[in-house]
Amino acid sequence: MSEVVDAVRELLPVLRERAQETEDLRKVPAESIEALQRTGFFRILQPARHGGHEADPLDFYRSVRLISSACGSTGWVSSVLGCHPWQLGLFPAQAQQDVWGEDQDTRISSSYAPMGRATPVDGGFRFSGRWSFSSGCDHASWVFLGGLVLGDDGNPVDFRTFLLPISDYKIEDVWDTVGLRGTGSNDILVDDVFVPEYRTLSFMDTGKCVCPGQEVNTGPLYKLPFASVFSYSIAAPVVGMATGAYESHVSYMQERVRASYGNKAAEDPYSQVRVAEAASDIDAAWLQLEHNIGTAYKHVVAGEKVPFDLRMRIRRDQVKATSRAIGAVDRLFENSGGKALNAGTPIQRFWRDAHAGRVHAINDPERALAMYGKAELGLKVQDAWL
């Protein structure tokens, strides 16, 4: 898979050059998505039986970090869209055939919050709802949507992911934000459509790591916990944004002269300390992510389940990685001087994008850390995102 990672790395100057255009468009340019498609990036986690690489997940996250270091919005969209082929691999075989049968480059966007309501009918469900934050939906022709299945009494009996083709939903352009402006994370509207049973997946099954897609996708990649894979697809872009902020800051500070003191900023010992602290936090964030997902993958390759304590650690370190990355970006931004406020500069864009990524629900640090602490103290933990 090194050839895909290398191809992504070669694309970075172009993505960096398009960062402002991406913001202005409020979505990733089609040319960038097509260029990433040609590298093979979107097939890293796709099942081999459908033309994918079915590769080590570390190759995916390393690529995401690279892309995000050039453009935060492009990295975010790439990570989310790139993770979905893995999830589709957990669905029944017919659902995979529906999506990839004619075009193995078909992309899927998502919005997992249980905003939909599904009523069981013969062969499937009637489904309606409105969802926000479907990043990259303009570049997808299918969507994953979260929904509650209602029983006869009208109360929820299950929480599922529903897979719908673009003919069954509408995209409403509402995305106008201060950060991650280029992600095109618009709303999805669904009005009473039929979704066959086989195009749904219960969160109870994903939590147990026992899904129907494993009958045809028997490789270890599809035995990883959903929450582990998806949560890292949200953390990795933020660490990548911090990496990009660091690289642009160091380059800028090597040339900057501090007018107030009349010396080169690079010679300021306080600036040197801030750079060192930021670098350490970014390294620590990434090393934990790499170690945890690498360890989890070794377990499934060996035919073992990912241990509960490792799943807990994955979630703990995912939110800590995000927090460390945000702290590093803040430190670098504060060290950049007044010109960092100018529109169009990389540091202010990374600063806004990283903070926007932080507010994703799965990056909520207190919830994940409390969950970890509860388990360590011998209390029972039940969470759909574990």
# chains A, B, ... in the order shown; residues from 1 in each chain; ligands from 1
$ residues_around --residues "segment 361-376 of chain A" --least-positions-apart "6" --cutoff "10 Å" --atoms "only C-alpha atoms" --output "list of chain:residue names"
A:Ala113, A:Ala227, A:Phe230, A:Ser231, A:Tyr232, A:Ile234, A:Ala235, A:Phe308, A:Asp309, A:Arg311, A:Met312, A:Arg313, A:Ile314, A:Arg315, A:Arg316, A:Asp317, A:Gln318, A:Val319, A:Lys320, A:Ala321, A:Thr322, A:Ser323, A:Gln382, A:Asp383, A:Trp385, A:Leu386
$ write_last_selection --atoms "N, CA and C atoms" --output "PDB file, in the first residue's frame"
ATOM      1  N   ALA A 113     -26.533  10.364  13.342  1.00  0.00           N
ATOM      2  CA  ALA A 113     -27.444  10.692  14.443  1.00  0.00           C
ATOM      3  C   ALA A 113     -28.814  10.074  14.169  1.00  0.00           C
ATOM      4  N   ALA A 227     -16.896   1.446  16.190  1.00  0.00           N
ATOM      5  CA  ALA A 227     -16.589   2.688  16.896  1.00  0.00           C
ATOM      6  C   ALA A 227     -15.105   3.011  16.844  1.00  0.00           C
ATOM      7  N   PHE A 230     -14.377   4.179  13.058  1.00  0.00           N
ATOM      8  CA  PHE A 230     -14.998   5.465  12.716  1.00  0.00           C
ATOM      9  C   PHE A 230     -14.460   6.605  13.571  1.00  0.00           C
ATOM     10  N   SER A 231     -14.277   6.369  14.876  1.00  0.00           N
ATOM     11  CA  SER A 231     -13.804   7.459  15.734  1.00  0.00           C
ATOM     12  C   SER A 231     -12.419   7.936  15.317  1.00  0.00           C
ATOM     13  N   TYR A 232     -11.584   7.017  14.838  1.00  0.00           N
ATOM     14  CA  TYR A 232     -10.257   7.427  14.386  1.00  0.00           C
ATOM     15  C   TYR A 232     -10.314   8.147  13.043  1.00  0.00           C
ATOM     16  N   ILE A 234     -12.359  10.381  12.507  1.00  0.00           N
ATOM     17  CA  ILE A 234     -12.674  11.752  12.901  1.00  0.00           C
ATOM     18  C   ILE A 234     -11.482  12.397  13.613  1.00  0.00           C
ATOM     19  N   ALA A 235     -10.731  11.617  14.368  1.00  0.00           N
ATOM     20  CA  ALA A 235      -9.559  12.154  15.078  1.00  0.00           C
ATOM     21  C   ALA A 235      -8.382  12.398  14.135  1.00  0.00           C
ATOM     22  N   PHE A 308     -11.725  -5.812  25.330  1.00  0.00           N
ATOM     23  CA  PHE A 308     -12.550  -4.712  25.813  1.00  0.00           C
ATOM     24  C   PHE A 308     -11.699  -3.556  26.313  1.00  0.00           C
ATOM     25  N   ASP A 309     -10.628  -3.861  27.048  1.00  0.00           N
ATOM     26  CA  ASP A 309      -9.814  -2.771  27.588  1.00  0.00           C
ATOM     27  C   ASP A 309      -9.125  -1.982  26.482  1.00  0.00           C
ATOM     28  N   ARG A 311     -10.468  -1.547  23.420  1.00  0.00           N
ATOM     29  CA  ARG A 311     -11.532  -0.728  22.836  1.00  0.00           C
ATOM     30  C   ARG A 311     -11.758   0.534  23.675  1.00  0.00           C
ATOM     31  N   MET A 312     -11.681   0.370  24.986  1.00  0.00           N
ATOM     32  CA  MET A 312     -11.827   1.526  25.864  1.00  0.00           C
ATOM     33  C   MET A 312     -10.663   2.500  25.670  1.00  0.00           C
ATOM     34  N   ARG A 313      -9.475   1.956  25.547  1.00  0.00           N
ATOM     35  CA  ARG A 313      -8.293   2.802  25.382  1.00  0.00           C
ATOM     36  C   ARG A 313      -8.328   3.535  24.041  1.00  0.00           C
ATOM     37  N   ILE A 314      -8.823   2.870  23.019  1.00  0.00           N
ATOM     38  CA  ILE A 314      -8.944   3.491  21.698  1.00  0.00           C
ATOM     39  C   ILE A 314      -9.809   4.734  21.780  1.00  0.00           C
ATOM     40  N   ARG A 315     -10.948   4.636  22.461  1.00  0.00           N
ATOM     41  CA  ARG A 315     -11.828   5.800  22.589  1.00  0.00           C
ATOM     42  C   ARG A 315     -11.207   6.872  23.485  1.00  0.00           C
ATOM     43  N   ARG A 316     -10.550   6.438  24.567  1.00  0.00           N
ATOM     44  CA  ARG A 316      -9.893   7.402  25.454  1.00  0.00           C
ATOM     45  C   ARG A 316      -8.849   8.210  24.701  1.00  0.00           C
ATOM     46  N   ASP A 317      -7.984   7.501  23.978  1.00  0.00           N
ATOM     47  CA  ASP A 317      -6.878   8.183  23.307  1.00  0.00           C
ATOM     48  C   ASP A 317      -7.319   8.923  22.063  1.00  0.00           C
ATOM     49  N   GLN A 318      -8.469   8.535  21.510  1.00  0.00           N
ATOM     50  CA  GLN A 318      -9.000   9.278  20.366  1.00  0.00           C
ATOM     51  C   GLN A 318      -9.370  10.695  20.780  1.00  0.00           C
ATOM     52  N   VAL A 319     -10.090  10.843  21.898  1.00  0.00           N
ATOM     53  CA  VAL A 319     -10.467  12.189  22.321  1.00  0.00           C
ATOM     54  C   VAL A 319      -9.258  12.954  22.873  1.00  0.00           C
ATOM     55  N   LYS A 320      -8.323  12.238  23.488  1.00  0.00           N
ATOM     56  CA  LYS A 320      -7.106  12.902  23.969  1.00  0.00           C
ATOM     57  C   LYS A 320      -6.257  13.385  22.790  1.00  0.00           C
ATOM     58  N   ALA A 321      -6.219  12.611  21.724  1.00  0.00           N
ATOM     59  CA  ALA A 321      -5.468  13.028  20.534  1.00  0.00           C
ATOM     60  C   ALA A 321      -6.051  14.313  19.968  1.00  0.00           C
ATOM     61  N   THR A 322      -7.378  14.370  19.898  1.00  0.00           N
ATOM     62  CA  THR A 322      -8.028  15.581  19.406  1.00  0.00           C
ATOM     63  C   THR A 322      -7.706  16.771  20.300  1.00  0.00           C
ATOM     64  N   SER A 323      -7.783  16.560  21.615  1.00  0.00           N
ATOM     65  CA  SER A 323      -7.507  17.651  22.549  1.00  0.00           C
ATOM     66  C   SER A 323      -6.064  18.128  22.443  1.00  0.00           C
ATOM     67  N   GLN A 382     -22.110   0.741  28.903  1.00  0.00           N
ATOM     68  CA  GLN A 382     -22.932   0.453  27.734  1.00  0.00           C
ATOM     69  C   GLN A 382     -22.976   1.707  26.879  1.00  0.00           C
ATOM     70  N   ASP A 383     -22.446   1.623  25.673  1.00  0.00           N
ATOM     71  CA  ASP A 383     -22.404   2.794  24.811  1.00  0.00           C
ATOM     72  C   ASP A 383     -22.350   2.328  23.364  1.00  0.00           C
ATOM     73  N   TRP A 385     -21.141   3.816  20.948  1.00  0.00           N
ATOM     74  CA  TRP A 385     -19.894   4.223  20.306  1.00  0.00           C
ATOM     75  C   TRP A 385     -18.677   3.602  20.968  1.00  0.00           C
ATOM     76  N   LEU A 386     -18.835   2.377  21.471  1.00  0.00           N
ATOM     77  CA  LEU A 386     -17.713   1.623  22.007  1.00  0.00           C
ATOM     78  C   LEU A 386     -17.454   0.393  21.154  1.00  0.00           C
TER      79      LEU A 386
END
$ residues_around --residues "segment 287-298 of chain A" --least-positions-apart "3" --cutoff "9 Å" --atoms "only C-alpha atoms" --output "PyMOL selection string"
chain A and resi 56-58+61-62+220-221+223-224+228-229+232+235-236+282-284+301-307+310-311+313-314+317-318+321
$ select_by_dssp --residues "segment 15-261 of chain A" --states "alpha helix (DSSP H)" --output "PyMOL selection string"
chain A and resi 15-17+19-25+30-39+57-70+72-88+93-100+203-208+226-255
$ select_by_dssp --residues "segment 186-258 of chain A" --states "strand (DSSP E)" --output "list in words"
Asn186, Asp187, Ile188, Leu189, Val190, Asp191, Asp192, Val193, Phe194, Val195, Pro196, Thr200, Leu201, Ser202, Val257 and Arg258 of chain A
$ write_last_selection --atoms "all heavy atoms" --output "short mmCIF file (atom, residue, chain, number, x, y, z; two decimals), in the first residue's frame"
data_model
loop_
_atom_site.label_atom_id
_atom_site.label_comp_id
_atom_site.auth_asym_id
_atom_site.auth_seq_id
_atom_site.Cartn_x
_atom_site.Cartn_y
_atom_site.Cartn_z
N ASN A 186 -23.90 19.30 4.23
CA ASN A 186 -25.27 19.78 4.10
C ASN A 186 -26.29 18.83 4.71
O ASN A 186 -25.95 17.74 5.20
CB ASN A 186 -25.59 20.03 2.62
CG ASN A 186 -24.85 21.24 2.09
OD1 ASN A 186 -24.94 22.33 2.64
ND2 ASN A 186 -24.10 21.05 1.01
N ASP A 187 -27.54 19.24 4.68
CA ASP A 187 -28.64 18.44 5.25
C ASP A 187 -29.14 17.41 4.24
O ASP A 187 -29.13 17.65 3.02
CB ASP A 187 -29.80 19.34 5.67
CG ASP A 187 -29.53 20.10 6.94
OD1 ASP A 187 -28.39 20.02 7.45
OD2 ASP A 187 -30.45 20.78 7.44
N ILE A 188 -29.64 16.31 4.77
CA ILE A 188 -30.25 15.25 3.97
C ILE A 188 -31.71 15.13 4.37
O ILE A 188 -32.03 15.04 5.57
CB ILE A 188 -29.55 13.89 4.19
CG1 ILE A 188 -28.05 13.99 3.85
CG2 ILE A 188 -30.24 12.79 3.38
CD1 ILE A 188 -27.75 14.22 2.40
N LEU A 189 -32.62 15.11 3.39
CA LEU A 189 -34.05 15.01 3.65
C LEU A 189 -34.60 13.74 3.01
O LEU A 189 -34.34 13.46 1.83
CB LEU A 189 -34.81 16.22 3.08
CG LEU A 189 -34.73 17.54 3.85
CD1 LEU A 189 -33.33 18.14 3.80
CD2 LEU A 189 -35.74 18.54 3.27
N VAL A 190 -35.37 12.99 3.80
CA VAL A 190 -35.99 11.75 3.33
C VAL A 190 -37.47 11.79 3.70
O VAL A 190 -37.82 12.05 4.86
CB VAL A 190 -35.32 10.51 3.96
CG1 VAL A 190 -36.07 9.24 3.56
CG2 VAL A 190 -33.86 10.43 3.56
N ASP A 191 -38.32 11.53 2.74
CA ASP A 191 -39.77 11.61 2.97
C ASP A 191 -40.45 10.29 2.62
O ASP A 191 -40.75 10.01 1.45
CB ASP A 191 -40.37 12.75 2.14
CG ASP A 191 -41.86 12.95 2.40
OD1 ASP A 191 -42.35 12.45 3.43
OD2 ASP A 191 -42.52 13.61 1.57
N ASP A 192 -40.62 9.47 3.64
CA ASP A 192 -41.42 8.23 3.54
C ASP A 192 -41.01 7.35 2.35
O ASP A 192 -41.78 7.15 1.41
CB ASP A 192 -42.90 8.58 3.44
CG ASP A 192 -43.79 7.35 3.60
OD1 ASP A 192 -43.38 6.40 4.30
OD2 ASP A 192 -44.89 7.32 3.00
N VAL A 193 -39.78 6.84 2.42
CA VAL A 193 -39.32 5.92 1.38
C VAL A 193 -39.22 4.51 1.95
O VAL A 193 -39.17 4.32 3.17
CB VAL A 193 -37.93 6.35 0.82
CG1 VAL A 193 -38.01 7.75 0.23
CG2 VAL A 193 -36.86 6.25 1.89
N PHE A 194 -39.19 3.55 1.05
CA PHE A 194 -39.03 2.15 1.47
C PHE A 194 -37.56 1.78 1.43
O PHE A 194 -36.87 2.02 0.44
CB PHE A 194 -39.81 1.22 0.54
CG PHE A 194 -39.56 -0.24 0.81
CD1 PHE A 194 -40.09 -0.86 1.94
CD2 PHE A 194 -38.76 -1.00 -0.05
CE1 PHE A 194 -39.84 -2.21 2.19
CE2 PHE A 194 -38.52 -2.34 0.19
CZ PHE A 194 -39.06 -2.95 1.32
N VAL A 195 -37.08 1.22 2.55
CA VAL A 195 -35.70 0.73 2.62
C VAL A 195 -35.76 -0.77 2.91
O VAL A 195 -36.28 -1.18 3.95
CB VAL A 195 -34.89 1.43 3.74
CG1 VAL A 195 -33.45 0.92 3.75
CG2 VAL A 195 -34.93 2.94 3.57
N PRO A 196 -35.25 -1.61 1.99
CA PRO A 196 -35.29 -3.05 2.25
C PRO A 196 -34.45 -3.43 3.47
O PRO A 196 -33.47 -2.75 3.79
CB PRO A 196 -34.72 -3.65 0.96
CG PRO A 196 -34.01 -2.54 0.27
CD PRO A 196 -34.66 -1.28 0.69
N THR A 200 -30.00 -2.31 5.77
CA THR A 200 -29.91 -1.74 7.12
C THR A 200 -28.92 -2.58 7.94
O THR A 200 -28.68 -3.75 7.65
CB THR A 200 -31.27 -1.72 7.83
OG1 THR A 200 -31.65 -3.05 8.20
CG2 THR A 200 -32.34 -1.10 6.95
N LEU A 201 -28.38 -1.93 8.97
CA LEU A 201 -27.42 -2.61 9.85
C LEU A 201 -27.63 -2.12 11.27
O LEU A 201 -27.60 -0.91 11.53
CB LEU A 201 -25.99 -2.31 9.40
CG LEU A 201 -24.86 -3.07 10.09
CD1 LEU A 201 -24.94 -4.57 9.79
CD2 LEU A 201 -23.50 -2.52 9.66
N SER A 202 -27.85 -3.05 12.19
CA SER A 202 -28.11 -2.70 13.58
C SER A 202 -26.83 -2.34 14.31
O SER A 202 -25.80 -2.99 14.15
CB SER A 202 -28.80 -3.87 14.30
OG SER A 202 -28.90 -3.60 15.69
N VAL A 257 10.16 38.61 11.27
CA VAL A 257 10.88 39.51 12.16
C VAL A 257 9.86 40.17 13.08
O VAL A 257 8.86 40.72 12.63
CB VAL A 257 11.65 40.60 11.38
CG1 VAL A 257 12.29 41.60 12.34
CG2 VAL A 257 12.70 39.96 10.48
N ARG A 258 10.10 40.09 14.39
CA ARG A 258 9.20 40.67 15.37
C ARG A 258 9.47 42.18 15.47
O ARG A 258 10.51 42.59 16.00
CB ARG A 258 9.37 40.00 16.73
CG ARG A 258 9.01 38.53 16.74
CD ARG A 258 9.28 37.93 18.10
NE ARG A 258 8.39 38.50 19.10
CZ ARG A 258 7.28 37.90 19.57
NH1 ARG A 258 6.96 36.70 19.09
NH2 ARG A 258 6.54 38.47 20.48
#
$ residues_around --residues "Leu11 of chain A" --least-positions-apart "6" --cutoff "12 Å" --atoms "only C-alpha atoms" --output "PyMOL selection string"
chain A and resi 4-5+17-18+31-39+41+63+66-71+74
$ atom_distance --atom1 "atom CA of Thr183 of chain A" --atom2 "atom CA of Ser109 of chain A"
11.4 Å
$ closest_residue --among "A:Phe60, A:Phe91, A:Phe144, A:Trp86" --to "Gln214 of chain A" --atoms "only C-alpha atoms"
A:Phe91
$ residues_around --residues "His50 of chain A" --least-positions-apart "2" --cutoff "9 Å" --atoms "only C-alpha atoms" --output "JSON list (two decimals) with N, CA and C atoms, in the first residue's frame"
[["chain", "number", "residue", "atom", "x", "y", "z"],
["A", 46, "GLN", "N", -11.78, -0.69, 1.18],
["A", 46, "GLN", "CA", -12.84, -1.35, 0.43],
["A", 46, "GLN", "C", -12.53, -2.83, 0.28],
["A", 47, "PRO", "N", -13.57, -3.69, 0.36],
["A", 47, "PRO", "CA", -13.34, -5.15, 0.23],
["A", 47, "PRO", "C", -12.67, -5.51, -1.10],
["A", 48, "ALA", "N", -11.76, -6.45, -1.05],
["A", 48, "ALA", "CA", -11.06, -6.90, -2.25],
["A", 48, "ALA", "C", -12.02, -7.49, -3.28],
["A", 52, "GLY", "N", -11.41, -3.41, -4.02],
["A", 52, "GLY", "CA", -10.69, -2.61, -3.04],
["A", 52, "GLY", "C", -9.34, -3.19, -2.68],
["A", 96, "GLN", "N", -24.02, -4.50, -0.74],
["A", 96, "GLN", "CA", -22.74, -4.20, -1.38],
["A", 96, "GLN", "C", -22.86, -4.26, -2.89],
["A", 97, "GLN", "N", -23.59, -5.25, -3.38],
["A", 97, "GLN", "CA", -23.79, -5.40, -4.82],
["A", 97, "GLN", "C", -24.59, -4.23, -5.38],
["A", 100, "TRP", "N", -21.90, -1.26, -5.46],
["A", 100, "TRP", "CA", -20.68, -1.43, -6.25],
["A", 100, "TRP", "C", -20.85, -2.32, -7.49],
["A", 101, "GLY", "N", -22.05, -2.83, -7.69],
["A", 101, "GLY", "CA", -22.24, -3.78, -8.79],
["A", 101, "GLY", "C", -21.89, -3.22, -10.14],
["A", 104, "GLN", "N", -17.43, 0.41, -9.05],
["A", 104, "GLN", "CA", -16.72, 0.16, -7.80],
["A", 104, "GLN", "C", -16.12, 1.43, -7.19]]
$ atom_distance --atom1 "atom CA of Gln348 of chain A" --atom2 "atom CA of Ser336 of chain A"
9.5 Å
$ residues_around --residues "Gly72 of chain A" --least-positions-apart "5" --cutoff "9 Å" --atoms "only C-alpha atoms" --output "PyMOL selection string"
chain A and resi 19+67+77+180+182-183+237-238+240-241+244+349-350+353-354
$ residues_around --residues "Asp173 of chain A" --least-positions-apart "2" --cutoff "9 Å" --atoms "only C-alpha atoms" --output "ChimeraX atom specification"
/A:171,175-176,184-187
$ closest_residue --among "A:Arg199, A:Arg160, A:Arg126, A:Arg352" --to "Asp98 of chain A" --atoms "only C-alpha atoms"
A:Arg199
$ closest_residue --among "A:Asn342, A:Thr243, A:Ser110, A:Ser73" --to "Ile326 of chain A" --atoms "only C-alpha atoms"
A:Thr243
$ atom_distance --atom1 "atom CA of Ala7 of chain A" --atom2 "atom CA of Leu25 of chain A"
25.0 Å
$ closest_residue --among "A:Val64, A:Cys83, A:Val210, A:Leu332" --to "Arg43 of chain A" --atoms "only C-alpha atoms"
A:Cys83
$ closest_residue --among "A:Gln87, A:Thr161, A:Ser141, A:Thr119" --to "Phe226 of chain A" --atoms "only C-alpha atoms"
A:Gln87
$ closest_residue --among "A:Ser135, A:Ser111, A:Gln272, A:Thr177" --to "Asp24 of chain A" --atoms "only C-alpha atoms"
A:Thr177
